[in-house]
Structure formats: C-alpha cells, structure tokens
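Right, one structure below, let's go through it.
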There are 2 protein chains.
Amino acid sequence: MNAPEKLSLFVLSAWSAQQLATVEQALSRWVACPTDAPAPAGLGDAMRYAVLDGGKRLRPLLVMAAREAVNGSMEAALRAACAVELIHAYSLVHDDMPCMDNDVLRRGKPTVHVRFGQAQALLAGDALQALAFELLTPEGDSVAVATQAHLCRMLAQAAGFQGMAGGQAIDLASVGRPLTSDQLHDMHRLKTGALLQTSVMMGAACGAATPAAQSALRDYGAAVGLAFQVVDDILDVTADSATLGKTAGKDAAQDKPTFVSLMGLQASRDYAQQLLAHALARLEVSGLENTHALRALADMLVNRQH
Amino acid sequence: MNAPEKLSLFVLSAWSAQQLATVEQALSRWVACPTDAPAPAGLGDAMRYAVLDGGKRLRPLLVMAAREAVNGSMEAALRAACAVELIHAYSLVHDDMPCMDNDVLRRGKPTVHVRFGQAQALLAGDALQALAFELLTPEGDSVAVATQAHLCRMLAQAAGFQGMAGGQAIDLASVGRPLTSDQLHDMHRLKTGALLQTSVMMGAACGAATPAAQSALRDYGAAVGLAFQVVDDILDVTADSATLGKTAGKDAAQDKPTFVSLMGLQASRDYAQQLLAHALARLEVSGLENTHALRALADMLVNRQH
C-alpha cells in the first residue's frame, strides 16, 4: 500500500464513520416503525431485520460522497442514501429465497426467510421497495419536488427491468451456460452496476453539477460498479464464509459464470485495478473539488477483503 | 334494477370501453418492451403476461373517473392508472406463489409462477413495482414535477407497510384465527382498500380539487374499497370458478375469516348496499359536477357478478 492509499483509507474511516452513523440512525427511524402506525403482524420486524445492523452500506456511502462533491442537499441525500439501501436490502431478501439462490446465511445471520418464513420474507421485500419511494417523496418542502421526482425516476430505472431486476433475470438464465465476456459484463452492468452507479448519480442529483461533472460521475459510477463485481468474484474464491458473512465458493459450486472463471484470478485482479484507475482518472477531470470521499470509497471497494 | 341504475350501467359501458381501450394501449406500450431496451431473458414476457389481456382494470377506471371529476391532466391520469394497475398486478403474482396462496389459476389462465417458474415470477413482480414508479416520473414537462412527486408518495404509501403489504401481513397471520369485525375491517382497509382508495385520490391529484371535494372523494374511495371486498367475499361463496376466473370457495376451504363468515350472507349483501349508498351520498355533497363515471363505477363494483 503506498502513501496516498494509506491517506485515503485514513480519511475514509473518519468520514465514513460519521456518514454511517447518520445513515443508520435514519434507517432505524424510517424503517417500518413510525409511532403513529407501525408495520403490522410481524412485517415490521422482518423489514427491520433485513435492513438494520448489517451491511457495508456501500450504496449510501456513494450517495453521501457524491452529494459532498456537488455540495448538495443533506436532507435529499440522506433520503436517497436510505432509499437505495432499502432497494439493495429487498433484493437480498428475495435473492436468498429458496426459489432463487436458496441461501441460509447473510451477513453472518440466518436469512430473512429462514428467520421469518418465506411468505413474510416475500412481503417484507415488497414493502421495502415501496418504502424506498416513500422516503424519496416527503410531504412539505424539505426536498424540492423536482428533486423528489428525479430521484424516484433514477431509482425506479435502476431497480427495474432495465436495471437490477433485468440483470437478475439474465443471471437466472445463465446458470450452467457459458457466457462471453460481453454477456458477463452486460449481466453485471444491470444486476449490481446499475444500482451502484445510480447511487452516485442520485447523490449528484441532490445538488447542481455541470454536464462535465455529471459525465465524469457517471463514468466513475460505472467503473466502480463493475469493479465491485469483479472483486466480489475474486473474494468468492479467495475468502472464507466467516470473513464474507455469506456462503463462499457458491458461484463456482453452482457453475455460475464469473470474471474469475472467464479471465482467471490474476487477470481479474489486474482488471479491478484498471477500473479503479479509470474511476479516479475521471474524477481528476470532473472539475469537482471535493472528491476525497469518492476517491477513498473507490479505493476501499476495490481493495476490500470482504 | 331501477331506472337510474340502468342508466348508470348504460353510461358506464360506453365511457369505460373508451377508457379501457386507452389504458390497455398504454399498458401494452409501457410494460417492459421499449424498442431501445426491452426486458431481457424472458423477464419481459413474464411481466406482460402478468399485466396484459386480463383483469377488470377497476383501479385504472377509478383513477380515470376521479380525473374526470376534477378535470385533471389526462397524461398524468393515464400514467397513474397504469401505475396503480402494475402494483395490483405485481401483488397478484406474488400472492399466487406457493409460499403465499399457492394458486394455479388466475383470470382463467395459469398463474405466472406456473407458466414461468417461481424465480421469474418473483422477479417479474419486483420489476412491475419498480416500473409503476418509473411510469409516474417521466422526463420532460408532460406531468408537473409536483404532481409526479405527489403521485409517487400516494402510491408508495398505499402499496407499502401501512397499506397493501401491511394488510397482507395481517391476512397471513389471521388464517385459521377468529377475527373481530374491527380486525377484519382493518385487514381489508389495508389489503385491498388502500390501493382502491388511493386510485381515486391519485385521479383527484391530477387536477385541482377543493378540500371538501377531496374529503368527499376520500370517503367515497374508502366506502367503495370496503364494499369491493365485501362483494368479493360474497362471490367467493356464491359464484363458481369459471365465472370468477379464479378458484372459488377458497377462503372458506382455507378457513380464512371473511365478511360472510362473520356476518352471514344476507347481512353482507345489505352491508355492501349501505356502503354503496354512503359512497354516492358523499359524491352528492362533494361540489363536483362531473361524477357520472364515479357513481356508475361504484354501482358496478357492488352489483357485479364476478
């Protein structure tokens, strides 16, 4: 690790601790437990179990870091950060169900359907998706209505058939079938990339950014989103379940195509570093001044051990 | 049937044929098949199967009828009508799955999971929910951003833990358990009532309505939403599967509490008529002039045979 990387990790740890505390507090307040009308019949428990006390919160951190770069509205960004995390959380709940990946361990805990039953898990996921859009559209003028509408549009597109859900459909269809490099890229661009990139763009939408800055952030988001998946594939073969908090070696066992199975381990590592370099280079020419957090996050995402 | 009722059914059939043609065309255009990026890997087929060529489109008709009463934006109302139908359609897809109601017949056709598999059904439902919010937030100025944000807020609340998903959780928890009348009302107010009432209010939000008109429409929506469920319970014991297009007698077979099991058949019929009368009375004092379609719809919902 060279000096600038050490520095970026140091900066990140202080910055991210503060952001994470804010995001966790907001999630805890907003997820299914308003004092006037809490979620009924165990649904709130399942929703909170799916969201709270776990997760690296990468997507919220990307939202908050991009907001910082454009000096955007904190209220809008906090809502966007929580909304994007709810979409991520619901996708994990549904992914883990027996009819999908049939996974029993997530973040070191039993998955939602193991803990609450499949029917409640299905409903909790559905309710978390709705809640994401509820968080983005508060009454009153704390978030400009144009921003509310823009954030909803971005999140809906990233979550839907042209984004995450579409990528998961490709994933379903690809088990046990050889994919070309282009097809693997397409799948991950939708399945995980769309929501990560949109996290960046939602943070940017909380403020004003020049077209050049928006373009740079879009490329940064795409590179970081792809690098995230490449690193995920690497960790699936190099880390153990305890470190990951989920079942390791699963992709290989299920004969799922991955960057490692397609390119090999060393080439995958090189590729992740190239994507990181590209993401950082795009920030350099973005015209944005306060990109410390975005740079540090990219570095952390690529060099993480779990 | 007396003369005014005959008239209202006559008016409704002409009006609703026109509205339905518009809604069907819009759904067909908007659900998962844009020419630039259609839904991948069979997901679009499952989404379209879940939505097109079936359903009474009650919720879209309520949106369009309420829009007419307030002389609201057609573009906003058409998007709202389709969005609310997508939420309804996704809820049916997920409800029918083996871990929920395990139903194999819907609208006279195999359910989505029977036709496409459980994993694809789960994804299609998820993607339909996202698409609902995408439809509500078009780029450009065809729908005012304040309206976009307002429609998203209403739909998210009606679909989520304080609405439809919450009601379904109560439903799950209530199978085989006696419910009081209050508990049964609460369950249905959330499970089906919230989305029906919100259909009316979303139509109203496409234009300007006085507070008195909004209050009347809210009460109309609540009464119609409840009456719809009372009639559903009646039809579950009086109609056959072929007429309903779904498995009849299912609630009784599963020992689910219903209005009929709680109140008896005749009292349920009387109750539905009382709710209809209340809905119509509220329209009378709403100050709205063009309530023909809303009145006819209420009449049709309560007096339907399937």
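Note on naming: chains are A, B, ... as they come in the structure tokens, residues start from 1 per chain, ligands start from 1 in the order shown.
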Practice task
Find the residues around Pro138 of chain B up to 12 Å (only C-alpha atoms counted), leave out those fewer than 3 positions away in its own chain, and share them as a ChimeraX atom specification.
Solution key: /A:146,149-154,156-157 /B:30,75-76,79-80,131-135,141-145,147-149,152
Practice task
Up to 8 Å from chain B, what residues of chain A turn up? Count only C-alpha atoms and give them as a PyMOL selection string.
Solution key: chain A and resi 32+37-44+94+99-100+118-120+122-124+126-131+133-134+137-138+145-146+148-150+152-153+156-157+159-162+165-170+172-173
Problem - Thr198 of chain B surroundings by only C-alpha atoms, 10 Å radius, close-in-sequence under 3 positions cut, as a PyMOL selection string - result: chain B and resi 59+62-63+84+151+154-155+157-159+163+193-195+201-205+217-218+221-222+225
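Straight-line separation from atom CA of Leu288 of chain B to atom CA of Gly72 of chain B: 12.4 Å.
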Handout entry: Residue list (helix (DSSP H, G or I), DSSP) for segment 206-298 of chain A, as number ranges by chain
Key = A: 211-238, 241-244, 250-253, 259-263, 265-284, 292-298
Problem - Within 12 Å of Leu294 of chain A using only C-alpha atoms, minus same-chain residues under 2 positions, as a PyMOL selection string - result: chain A and resi 8-9+11-12+15-16+58-70+199-200+203-204+216-217+220-221+224+276+279-284+286+288-292+296-301
Convert the current residue selection to file output with C-alpha atoms, as a compact mmCIF listing (two decimals), in the first residue's frame.
# COMPACT_ATOMS: atom_id res chain seq x y z
CA SER A 8 -7.27 7.84 1.58
CA LEU A 9 -8.15 4.97 3.89
CA VAL A 11 -9.62 9.94 5.59
CA LEU A 12 -12.31 7.46 4.69
CA TRP A 15 -15.61 10.43 7.16
CA SER A 16 -17.43 7.17 6.74
CA LEU A 58 -21.63 0.97 0.21
CA ARG A 59 -24.51 2.45 -1.71
CA PRO A 60 -25.46 5.01 0.95
CA LEU A 61 -21.79 5.99 1.24
CA LEU A 62 -21.61 6.51 -2.53
CA VAL A 63 -24.71 8.74 -2.36
CA MET A 64 -23.26 10.78 0.51
CA ALA A 65 -19.85 11.06 -1.15
CA ALA A 66 -21.35 12.27 -4.42
CA ARG A 67 -23.52 14.76 -2.53
CA GLU A 68 -20.39 16.09 -0.90
CA ALA A 69 -18.73 16.51 -4.29
CA VAL A 70 -21.60 18.68 -5.56
CA SER A 199 -26.21 5.76 -6.05
CA VAL A 200 -23.52 8.11 -7.33
CA GLY A 203 -26.06 11.92 -4.75
CA ALA A 204 -25.16 14.22 -7.63
CA ALA A 216 -17.41 12.10 -15.05
CA LEU A 217 -19.53 10.87 -12.15
CA TYR A 220 -16.87 6.81 -12.16
CA GLY A 221 -20.07 5.03 -11.09
CA VAL A 224 -16.74 1.37 -9.58
CA LEU A 276 -10.11 1.76 -10.14
CA ALA A 279 -12.62 5.82 -11.94
CA LEU A 280 -10.00 8.01 -10.26
CA ALA A 281 -8.87 9.47 -13.57
CA ARG A 282 -12.41 10.54 -14.42
CA LEU A 283 -12.73 12.33 -11.06
CA GLU A 284 -9.48 14.16 -11.82
CA SER A 286 -14.51 16.30 -13.40
CA LEU A 288 -15.31 18.85 -8.91
CA GLU A 289 -13.17 19.92 -5.99
CA ASN A 290 -14.32 17.87 -3.05
CA THR A 291 -13.86 14.32 -4.31
CA HIS A 292 -11.89 12.95 -1.35
CA ALA A 296 -11.36 6.87 -0.96
CA LEU A 297 -14.52 4.83 -1.47
CA ALA A 298 -13.39 3.60 -4.88
CA ASP A 299 -10.09 2.57 -3.34
CA MET A 300 -11.83 0.78 -0.48
CA LEU A 301 -14.31 -1.00 -2.76
Problem - Atom-to-atom span, atom CA of Leu179 of chain B and atom CA of Asp270 of chain B, Å - result: 20.5 Å
Exercise for the section: Just the residues within 8 Å of Leu52 of chain A, please, counting only C-alpha atoms, with nothing from its chain fewer than 4 positions along; format it as a PyMOL selection string. Expected result: chain A and resi 24+27-28+48
Problem - Neighbour list for Val104 of chain B as a PyMOL selection string, cut-off 9 Å, only C-alpha atoms, skip fewer than 6 positions in-chain - result: chain B and resi 96-98+110-114+246-247
Handout entry: For atom CA of Leu86 of chain A and atom CA of Ala293 of chain A, the interatomic separation in Å (one decimal)
Key =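 Between atom CA of Leu86 of chain A and atom CA of Ala293 of chain A the gap is 22.1 Å.
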